[in-house]
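Novice: Below you will find the structure I want to go over with you.
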Amino acid sequence: AQSVTQPDIHITVSEGASLELRCNYSYGATPYLFWYVQSPGQGLQLLLKYFSGDTLVQGIKGFEAEFKRSQSSFNLRKPSVHWSDAAEYFCAVGAQVRDDKIIFGKGTRLHILP
Amino acid sequence: GAGVSQSPSNKVTEKGKDVELRCDPISGHTALYWYRQSLGQGLEFLIYFQGNSAPDKSGLPSDRFSAERTGGSVSTLTIQRTQQEDSAVYLCASSSGTSGGADTQYFGPGTRLTVL
């Protein structure tokens, strides 16, 4: 069955520290992988997207993610977090099939300590 | 250009009343999605419209929920006989629809529904 797992419901890091948010997926086809961010009271915004090529993908706001096929993972990273990064982060997986829809993980809420 | 808009931004209703939530997708986007986001529950898929195809209603939690999309653009999500467990944020998203599950989705700000 197709699924996305974000094992960490909450993550707390200090401002300026590095960040890694985990995402594992199970998908039969070649996956398209996404990370979205939801700031408080807002809708979701795309951070980055992977579908082929270089397995290290750069996104907005200084985020990057690495696709590891052998581990079925697509972890999100940032070298140094800012207080404004406090938000909820969603990993998602889909395929290039017209009537298909993407599947979202349950999200990881990031808290930043000053 | 304009993004996805949703109205109202907040809706408070009494148990048993019907509510309608509106979504205006990005112009030209053929795919439209509704999701429900309850506290701590992540995104729950409700319904998916793709062009003129029959909608994918597989996520609707009960027959009290329905949605329509008129003219391939604006969509309305209707909840009949609301219950307290319907309280949540309802998010709408649209995409170009050309690549199915590979498309980037663009989300509206959501409608926060509170059922008293």
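Every chain in the structure tokens has a letter given in the order shown (A, B, ...), and although residue numbers restart at 1 in each chain, ligands are simply numbered from 1 in the order shown.
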If we count only C-alpha atoms, which residues of chain A reach to within 9 Å of chain B? Please list them as a PyMOL selection string.
Specialist: chain A and resi 9+31-34+41-46+49+51+90+93-108
Novice: Could the residues in this selection be saved with N, CA and C atoms as a compact mmCIF listing (two decimals), in the first residue's frame?
Specialist:
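Generated output (selection.txt):
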# COMPACT_ATOMS: atom_id res chain seq x y z
N ILE A 9 6.41 13.46 15.52
CA ILE A 9 5.25 14.35 15.54
C ILE A 9 5.68 15.77 15.90
N PRO A 31 8.47 7.45 -7.58
CA PRO A 31 7.75 8.48 -6.81
C PRO A 31 8.19 9.90 -7.15
N TYR A 32 7.23 10.80 -7.06
CA TYR A 32 7.52 12.22 -6.95
C TYR A 32 7.39 12.54 -5.46
N LEU A 33 8.34 13.26 -4.92
CA LEU A 33 8.39 13.52 -3.48
C LEU A 33 8.37 15.01 -3.22
N PHE A 34 7.65 15.40 -2.21
CA PHE A 34 7.42 16.80 -1.89
C PHE A 34 7.63 17.04 -0.40
N GLY A 41 -1.90 29.30 10.97
CA GLY A 41 -3.01 30.01 10.37
C GLY A 41 -2.95 30.13 8.86
N GLN A 42 -2.03 29.42 8.24
CA GLN A 42 -1.86 29.52 6.79
C GLN A 42 -2.14 28.19 6.11
N GLY A 43 -2.28 28.25 4.79
CA GLY A 43 -2.33 27.03 4.01
C GLY A 43 -0.93 26.47 3.83
N LEU A 44 -0.81 25.40 3.09
CA LEU A 44 0.49 24.77 2.86
C LEU A 44 1.19 25.43 1.69
N GLN A 45 2.52 25.49 1.79
CA GLN A 45 3.35 26.06 0.73
C GLN A 45 4.42 25.05 0.36
N LEU A 46 4.67 24.88 -0.93
CA LEU A 46 5.70 23.95 -1.38
C LEU A 46 7.08 24.47 -1.02
N LYS A 49 10.64 19.84 -4.27
CA LYS A 49 10.02 18.72 -4.97
C LYS A 49 11.13 17.93 -5.68
N PHE A 51 11.81 14.69 -8.48
CA PHE A 51 11.27 13.64 -9.35
C PHE A 51 12.34 12.89 -10.11
N PHE A 90 5.11 18.92 6.12
CA PHE A 90 4.45 17.73 5.58
C PHE A 90 5.27 17.17 4.42
N VAL A 93 4.00 12.14 -1.26
CA VAL A 93 4.47 11.32 -2.38
C VAL A 93 3.37 11.18 -3.41
N GLY A 94 3.73 11.15 -4.68
CA GLY A 94 2.77 10.98 -5.75
C GLY A 94 3.44 10.37 -6.96
N ALA A 95 2.67 10.22 -8.02
CA ALA A 95 3.20 9.67 -9.27
C ALA A 95 2.58 10.44 -10.42
N GLN A 96 3.27 10.39 -11.57
CA GLN A 96 2.79 11.13 -12.73
C GLN A 96 1.72 10.32 -13.46
N VAL A 97 0.60 10.19 -12.78
CA VAL A 97 -0.57 9.49 -13.34
C VAL A 97 -1.72 10.45 -13.26
N ARG A 98 -2.42 10.67 -14.36
CA ARG A 98 -3.36 11.78 -14.48
C ARG A 98 -4.39 11.83 -13.36
N ASP A 99 -5.03 10.74 -13.07
CA ASP A 99 -6.10 10.78 -12.07
C ASP A 99 -5.61 10.39 -10.68
N ASP A 100 -4.30 10.33 -10.52
CA ASP A 100 -3.75 9.97 -9.23
C ASP A 100 -3.72 11.21 -8.33
N LYS A 101 -3.59 11.01 -7.05
CA LYS A 101 -3.47 12.12 -6.13
C LYS A 101 -2.30 11.84 -5.20
N ILE A 102 -1.75 12.91 -4.64
CA ILE A 102 -0.61 12.69 -3.76
C ILE A 102 -1.09 12.30 -2.37
N ILE A 103 -0.19 11.67 -1.66
CA ILE A 103 -0.47 11.21 -0.31
C ILE A 103 0.41 12.00 0.64
N PHE A 104 -0.21 12.56 1.66
CA PHE A 104 0.53 13.36 2.64
C PHE A 104 0.82 12.55 3.89
N GLY A 105 1.98 12.83 4.48
CA GLY A 105 2.26 12.33 5.81
C GLY A 105 1.46 13.12 6.84
N LYS A 106 1.54 12.70 8.10
CA LYS A 106 0.75 13.35 9.16
C LYS A 106 1.40 14.63 9.68
N GLY A 107 2.59 14.92 9.24
CA GLY A 107 3.22 16.17 9.59
C GLY A 107 4.13 16.09 10.79
N THR A 108 5.12 16.98 10.82
CA THR A 108 6.01 17.16 11.97
C THR A 108 5.96 18.63 12.35
Novice: So which residues touch Ser87 of chain B within 12 Å, counting only C-alpha atoms, skipping near sequence neighbours fewer than 2 positions away, as a ChimeraX atom specification?
Specialist: /B:10-15,19,36-39,79,82-85,89-90,111-116
Novice: Suppose we keep C-alpha atoms; can you now write the selection as a CSV table (one decimal), in the first residue's frame?
Specialist:
chain,number,residue,atom,x,y,z
B,10,ASN,CA,-14.1,31.3,9.9
B,11,LYS,CA,-17.5,29.7,10.3
B,12,VAL,CA,-19.2,29.1,13.6
B,13,THR,CA,-22.4,27.1,13.5
B,14,GLU,CA,-24.8,25.2,15.7
B,15,LYS,CA,-25.0,21.4,15.7
B,19,VAL,CA,-22.8,24.8,6.1
B,36,ARG,CA,-9.8,18.4,6.4
B,37,GLN,CA,-7.2,19.2,9.0
B,38,SER,CA,-8.1,18.4,12.6
B,39,LEU,CA,-5.9,19.2,15.5
B,79,ILE,CA,-21.8,19.6,5.3
B,82,THR,CA,-23.2,19.3,11.2
B,83,GLN,CA,-21.8,17.5,14.2
B,84,GLN,CA,-19.2,18.7,16.7
B,85,GLU,CA,-16.6,16.2,15.3
B,89,VAL,CA,-9.9,23.5,9.2
B,90,TYR,CA,-11.0,22.7,5.7
B,111,THR,CA,-11.8,27.7,6.5
B,112,ARG,CA,-11.9,27.1,10.2
B,113,LEU,CA,-15.3,25.5,11.1
B,114,THR,CA,-16.5,25.4,14.6
B,115,VAL,CA,-19.6,23.4,15.5
B,116,LEU,CA,-21.1,24.3,18.8
Novice: Rounded to one decimal place, report the atom CA of His111 of chain A-atom CA of Ser84 of chain A distance in Å.
Specialist: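 Going from atom CA of His111 of chain A over to atom CA of Ser84 of chain A, I get 9.8 Å.
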Novice: Hey, what's within 10 Å of Ile11 of chain A if we count only C-alpha atoms and toss same-chain stuff fewer than 5 positions away? As number ranges by chain, please?
Specialist: A: 19-21, 86, 88, 108-112
Novice: For N, CA, C and O atoms, I'd like the residues from the last selection saved as a CSV table (one decimal), in the first residue's frame.
Specialist:
chain,number,residue,atom,x,y,z
A,19,LEU,N,18.9,21.1,11.4
A,19,LEU,CA,17.6,20.4,11.5
A,19,LEU,C,17.6,19.3,10.5
A,19,LEU,O,18.1,19.4,9.3
A,20,GLU,N,17.0,18.2,10.9
A,20,GLU,CA,16.7,17.1,9.9
A,20,GLU,C,15.3,16.6,10.3
A,20,GLU,O,15.1,16.1,11.4
A,21,LEU,N,14.4,16.6,9.4
A,21,LEU,CA,13.1,16.0,9.5
A,21,LEU,C,13.0,14.8,8.7
A,21,LEU,O,13.3,14.8,7.5
A,86,ALA,N,9.6,28.0,12.6
A,86,ALA,CA,8.6,27.3,13.4
A,86,ALA,C,7.3,27.1,12.6
A,86,ALA,O,6.7,28.1,12.2
A,88,GLU,N,4.6,23.7,10.7
A,88,GLU,CA,4.4,22.2,10.6
A,88,GLU,C,4.8,21.9,9.1
A,88,GLU,O,4.6,22.6,8.2
A,108,THR,N,5.1,17.0,10.8
A,108,THR,CA,6.0,17.2,12.0
A,108,THR,C,6.0,18.6,12.4
A,108,THR,O,6.2,19.5,11.5
A,109,ARG,N,5.6,18.9,13.6
A,109,ARG,CA,5.6,20.3,14.1
A,109,ARG,C,7.0,20.6,14.6
A,109,ARG,O,7.5,20.0,15.5
A,110,LEU,N,7.5,21.7,14.1
A,110,LEU,CA,8.9,22.2,14.5
A,110,LEU,C,8.7,23.3,15.5
A,110,LEU,O,8.1,24.3,15.1
A,111,HIS,N,9.4,23.2,16.6
A,111,HIS,CA,9.4,24.2,17.6
A,111,HIS,C,10.9,24.8,17.7
A,111,HIS,O,11.8,24.0,17.7
A,112,ILE,N,11.0,26.1,17.8
A,112,ILE,CA,12.3,26.7,17.9
A,112,ILE,C,12.6,27.3,19.2
A,112,ILE,O,11.8,28.2,19.6
Novice: I'd like the neighbourhood of Thr70 of chain B as a list of chain:residue names, where a residue qualifies if any of its atoms comes within 12 Å (using only C-alpha atoms), though same-chain residues fewer than 3 positions away should be ignored.
Specialist: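 After dropping sequence-adjacent residues, the list is B:Arg22, B:Cys23, B:Asp24, B:Pro25, B:Thr30, B:Leu32, B:Phe49, B:Gly51, B:Asn52, B:Ala67, B:Ser73, B:Val74, B:Ser75, B:Thr76, B:Leu77.
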Novice: Could those selected residues go to a file with C-alpha atoms, as a short mmCIF file (atom, residue, chain, number, x, y, z; two decimals), in the first residue's frame?
Specialist:
data_model
loop_
_atom_site.label_atom_id
_atom_site.label_comp_id
_atom_site.auth_asym_id
_atom_site.auth_seq_id
_atom_site.Cartn_x
_atom_site.Cartn_y
_atom_site.Cartn_z
CA ARG B 22 -16.34 27.87 -0.96
CA CYS B 23 -13.10 27.49 -2.86
CA ASP B 24 -11.89 29.57 -5.80
CA PRO B 25 -8.94 27.80 -7.43
CA THR B 30 -8.15 21.70 -13.72
CA LEU B 32 -9.10 20.71 -7.19
CA PHE B 49 -11.96 16.89 -8.96
CA GLY B 51 -11.39 18.20 -15.24
CA ASN B 52 -14.57 16.59 -16.48
CA ALA B 67 -19.01 18.74 -2.94
CA SER B 73 -13.81 26.32 -11.51
CA VAL B 74 -15.40 27.24 -8.17
CA SER B 75 -16.10 24.43 -5.75
CA THR B 76 -18.46 24.23 -2.79
CA LEU B 77 -18.11 21.73 0.04
#
Novice: Could you find all residues in chain A that DSSP calls helix (DSSP H, G or I) from the backbone, and write them as a list of chain:residue names?
Specialist: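 So, restricting chain A to helix (DSSP H, G or I), we get A:Ile60, A:Lys61, A:Gly62, A:Arg69, A:Ser70, A:Gln71, A:Trp83, A:Ser84, A:Asp85.
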Novice: Could you save the residues just selected, with N, CA and C atoms, as a PDB file, in the first residue's frame?
Specialist:
ATOM      1  N   ILE A  60      13.187  26.371  -1.215  1.00  0.00           N
ATOM      2  CA  ILE A  60      13.128  27.751  -0.740  1.00  0.00           C
ATOM      3  C   ILE A  60      13.501  27.816   0.729  1.00  0.00           C
ATOM      4  N   LYS A  61      13.797  29.015   1.189  1.00  0.00           N
ATOM      5  CA  LYS A  61      14.067  29.295   2.604  1.00  0.00           C
ATOM      6  C   LYS A  61      15.277  28.532   3.126  1.00  0.00           C
ATOM      7  N   GLY A  62      16.192  28.138   2.258  1.00  0.00           N
ATOM      8  CA  GLY A  62      17.415  27.482   2.688  1.00  0.00           C
ATOM      9  C   GLY A  62      17.290  26.008   3.001  1.00  0.00           C
ATOM     10  N   ARG A  69      16.914   6.166  -2.380  1.00  0.00           N
ATOM     11  CA  ARG A  69      16.034   5.096  -2.845  1.00  0.00           C
ATOM     12  C   ARG A  69      16.194   3.835  -2.001  1.00  0.00           C
ATOM     13  N   SER A  70      17.419   3.522  -1.632  1.00  0.00           N
ATOM     14  CA  SER A  70      17.668   2.275  -0.886  1.00  0.00           C
ATOM     15  C   SER A  70      17.008   2.297   0.483  1.00  0.00           C
ATOM     16  N   GLN A  71      16.802   3.478   1.026  1.00  0.00           N
ATOM     17  CA  GLN A  71      16.183   3.610   2.343  1.00  0.00           C
ATOM     18  C   GLN A  71      14.738   4.089   2.250  1.00  0.00           C
ATOM     19  N   TRP A  83      14.018  31.438  13.885  1.00  0.00           N
ATOM     20  CA  TRP A  83      12.766  31.369  14.634  1.00  0.00           C
ATOM     21  C   TRP A  83      11.566  31.312  13.697  1.00  0.00           C
ATOM     22  N   SER A  84      11.687  31.920  12.517  1.00  0.00           N
ATOM     23  CA  SER A  84      10.566  31.939  11.579  1.00  0.00           C
ATOM     24  C   SER A  84      10.314  30.572  10.929  1.00  0.00           C
ATOM     25  N   ASP A  85      11.204  29.618  11.154  1.00  0.00           N
ATOM     26  CA  ASP A  85      10.994  28.273  10.619  1.00  0.00           C
ATOM     27  C   ASP A  85      10.021  27.455  11.454  1.00  0.00           C
TER      28      ASP A  85
END
Novice: Identify which of the residues A:Val13, A:Cys23, A:Val37, A:Ala1 lies closest to Ser72 of chain A, counting only C-alpha atoms when measuring atom-to-atom distances.
Specialist: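 For Ser72 of chain A, the nearest of the candidates is A:Cys23.
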Novice: Skip Asp63 of chain B itself and residues of its chain fewer than 4 positions away, then list as a list in words all residues within 12 Å of it, counting only C-alpha atoms.
Specialist: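 Result of the neighbour search: Leu46, Lys57, Ser58, Gly59, Ala67, Thr78, Ile79, Gln80, Arg81 and Thr82 of chain B.
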